[in-house]
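Read through the structure below, which is laid out as structure tokens, and then see the notes.
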Amino acid sequence: MDIAIRKYGGSSLATDQQVASAAEAVAQAHGQGKSLVVVVSARGQKTDELVRSAAGLGRVPDPLEMDKLLATGEAESAALFAIALRNLGVPAESLSGAQAGLRAVGRHGAGFVSEVDPEPLNSRLEMGRVAVVAGFQAQNPEGATITLGRGGSDISAVALAVGHRTRVCEIYTDVDGVHRADPRVIPGAPLLPWVDAETMSEMAFSGAGVMHARAVELAAAHGVDVVVRNAADWTRQTTIVGRSTDVPGAGGIEGRAGVVAVTHDRAVTQVVVNGGAGFAALDTVARMQIAVDSVTWRSEPSDDLHMAFCLPEAALEEALAELAGVVRAEGGSVETRRSLAKVSLVGVGLLSRPGTTIGALTALKNRQIAAHCVSATQARTTFLVPRARVEEAVAALYEEFLLDLDENDLELMSA
């Protein structure tokens with residue numbers, strides 16, 4: 001079968017009218033003879049509401065029960081979407097991640113897809129049904145519900161595309177695609193019609209909210225292209241190219257080095273480990289499968305290692321609860337700096353052009369924005385800046401690297 005995988009984000013399903021509109025688009029495609037799998041996220045702020053409800057009951061909830069709770073948000077969306085399709089005369093069935101054949105391993109709240117059984121969806125598609133799958137969730141080896149982390153519906157959609165050998169996965173959201181900067185911060189920031197998966201992965205990890213970084217990595221590993229569109233307006237889009245290193249018509253992205261975009265992330269906290277417990281601290285968060293970023297350290301004359309790294313705020317309290325005992329046992333202490341945010345340049349060959357970092361630091365200095373930390377790779381240079389001034393920092397870097405220019409006219413800085 002020629003299967004089309006579509007994923008609708010929660011902001012695109014927040015109202016009943018939005019659900020009905022998305023269902024109409026799917027019904028039209030079904031009428032053209034397409035076999036359709038629709039992956040949905042929880043509607044609007046539903047996941048946050050569920051988290052607040054659990055937190056209001058006091059003690060930290062059991063991770064398994066928390067996964068069961070959060071999975072209901074996507075289940076609600078899937079059932080409503082299936083109802084909307086049936087009201088349009090389209091045979092449809094809602095399914096949980098487990099019913100759709102998604103299997104995952106790892107800890108609750110941060111599962112990793114390990115396998116996709118294509119049979120459950122194939123059997124329904126062969127009967128002409130539209131399969132509406134609750135994203136963000138799967139079944140673990142013990143048969144329990146496990147969620148894939150915030151934004152995990154993207155992972156569900158790409159994993160199903162991989163498992164069903166579909167070459168393209170379509171993502172429908174509330175933005176036109178991937179921009180050179182967040183258009184809410186930089187109005188009119190140009191849309192990238194094409195971007196390679198490696199660059200997009202860096203953008204997603206460093207704060208671009210359009211796609212989950214793990215979903216992009218999964219698409220690249222298995223040669224799946226991802227098309228990002230506005231659910232309300234299909235006239236513009238971004239294709240994240242996972243099938244090839246050649247990006248059609250994008251001379252300034254792949255094949256020409258330089259800065260592609262500027263991203264930012266307010267939802268991070270810098271954790272500082274004082275004393276000789278830095279390695280133990282990193283080992284602890286690694287075993288918890290929590291990604292860290294912007295790792296720095298210094299060695300004092302006493303040979304004590306002082307280490308700092310950034311953690312996503314969503315995982316901060318859980319991490320601190322584990323770190324406190326580990327670091328104390330090593331004779332160290334932990335402090336947090338919640339007043340910082342990340343702003344990043346993302347591109348190709350950044351370290352090969354030393355002028356990139358000095359140009360960025362100069363642009364920040366000219367606006368009297370302090371850079372508390374700098375970390376750099378060939379694909380990304382990240383600065384920690386005061387959280388209250390992160391939007392100014394985005395604007396400064398956006399202007400410095402001429403990201404408002406059209407691809408055909410862009411003259412990227414060189415060393």
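Note on naming: chains are A, B, ... as they come in the structure tokens, residues start from 1 per chain, ligands start from 1 in the order shown.
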Discussion item. Taking 5 positions as the minimum chain separation for residues in the same chain, which residues sit within 9 Å of region 356-364 of chain A when counting only C-alpha atoms? Answer as a list in words.
Written reply: Gly258, Val259, Leu345, Leu350, Leu351, Ile369, Ala370, Ala371, Val374, Ala376, Thr381, Phe383, Glu392, Ala393, Ala396, Leu397, Glu399, Glu400, Phe401, Met413, Ser414 and Ala415 of chain A
Worksheet item: Counting only C-alpha atoms, what is within 8 Å of region 315-327 of chain A, bar same-chain residues fewer than 5 positions away, as a VMD selection string?
Response: chain A and resid 269 273 277 to 278 280 to 281 284 to 285 288 290 332 to 334
Select from region 149-262 of chain A every residue with an atom at most 12 Å from any atom of region 71-86 of chain A, then for each give the shortest pair of atoms and their distance in Å to one decimal, using only C-alpha atoms, rows by chain and rising number, as a tab-separated table.
```
residue	atom	partner	partner_atom	distance
A:Gly149	CA	A:Ala71	CA	10.9
A:Arg150	CA	A:Ala71	CA	11.2
A:Gly151	CA	A:Glu74	CA	11.4
A:Gly152	CA	A:Glu74	CA	10.6
A:Ser153	CA	A:Glu74	CA	8.7
A:Ser156	CA	A:Glu74	CA	11.5
```
Would you save the residues of that selection, restricted to all heavy atoms, as a tab-separated table (two decimals), in the first residue's frame?
```tsv
chain	number	residue	atom	x	y	z
A	149	GLY	N	8.25	11.48	25.89
A	149	GLY	CA	8.78	12.80	26.19
A	149	GLY	C	7.96	13.88	25.50
A	149	GLY	O	7.28	13.62	24.50
A	150	ARG	N	8.04	15.10	26.03
A	150	ARG	CA	7.25	16.19	25.46
A	150	ARG	C	7.59	16.37	23.99
A	150	ARG	O	8.75	16.33	23.60
A	150	ARG	CB	7.51	17.49	26.21
A	150	ARG	CG	7.04	17.49	27.64
A	150	ARG	CD	5.55	17.25	27.78
A	150	ARG	NE	4.76	18.36	27.31
A	150	ARG	CZ	4.26	19.33	28.08
A	150	ARG	NH1	4.49	19.30	29.39
A	150	ARG	NH2	3.51	20.29	27.57
A	151	GLY	N	6.56	16.56	23.17
A	151	GLY	CA	6.77	16.64	21.73
A	151	GLY	C	6.90	15.28	21.08
A	151	GLY	O	7.23	15.18	19.90
A	152	GLY	N	6.61	14.22	21.83
A	152	GLY	CA	6.84	12.88	21.33
A	152	GLY	C	5.92	12.43	20.22
A	152	GLY	O	6.17	11.38	19.60
A	153	SER	N	4.86	13.17	19.94
A	153	SER	CA	3.99	12.78	18.81
A	153	SER	C	4.74	12.87	17.48
A	153	SER	O	4.45	12.12	16.54
A	153	SER	CB	2.74	13.67	18.78
A	153	SER	OG	1.92	13.40	19.89
A	156	SER	N	6.40	9.62	17.21
A	156	SER	CA	5.44	8.59	16.82
A	156	SER	C	5.21	8.60	15.32
A	156	SER	O	5.21	7.54	14.67
A	156	SER	CB	4.10	8.83	17.53
A	156	SER	OG	4.23	8.77	18.93
```
Practice prompt. Could you please determine the separation between CA of Arg124 (chain A) and CA of Val39 (chain A) in Å, to one decimal place?
Written response: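 CA of Val39 (chain A) lies 14.8 Å from CA of Arg124 (chain A).
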Practice prompt. Run DSSP on the backbone of this structure and report the residues of region 101-321 of chain A it assigns to strand (DSSP E), as a PyMOL selection string.
Written response: chain A and resi 102-105+112-116+130-134+137-139+145-147+168-173+194-196+225-230+233-241+258-265+268-274+293-299+305-312
Practice prompt. Pick out the closest residue to Leu64 (chain A) from this set: A:Asp154, A:Glu335, A:Glu142, A:Glu119. Count only C-alpha atoms.
Written response: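 Under the stated criterion, the closest residue is A:Glu142.
The residue that comes closest to Gly188 (chain A), out of A:Thr235, A:Ser21, A:Ala55, A:Asp176 and on the basis of only C-alpha atoms, is A:Asp176.
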Practice prompt. Mind checking which residues fall within 9 Å of region 29-37 of chain A, counting only C-alpha atoms, ignoring those fewer than 6 positions away in the same chain, and posting them as a list of chain:residue names?
Written response: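 Once the adjacent positions are removed, what remains is A:Met1, A:Asp2, A:Ile3, A:Ala4, A:Ile5, A:Arg6, A:Lys7, A:Val90, A:Leu121, A:Leu125, A:Glu126, A:Gly128, A:Arg129, A:Val130, A:Ala131, A:Val132, A:Val133, A:Ala157, A:Leu160.
Take CA of Arg214 (chain A) and CA of Ala197 (chain A): the distance between them is 10.8 Å.
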Worksheet item: If you run DSSP on the backbone, which residues of region 301-340 of chain A are helix (DSSP H, G or I), as a PyMOL selection string?
Response: chain A and resi 313-329
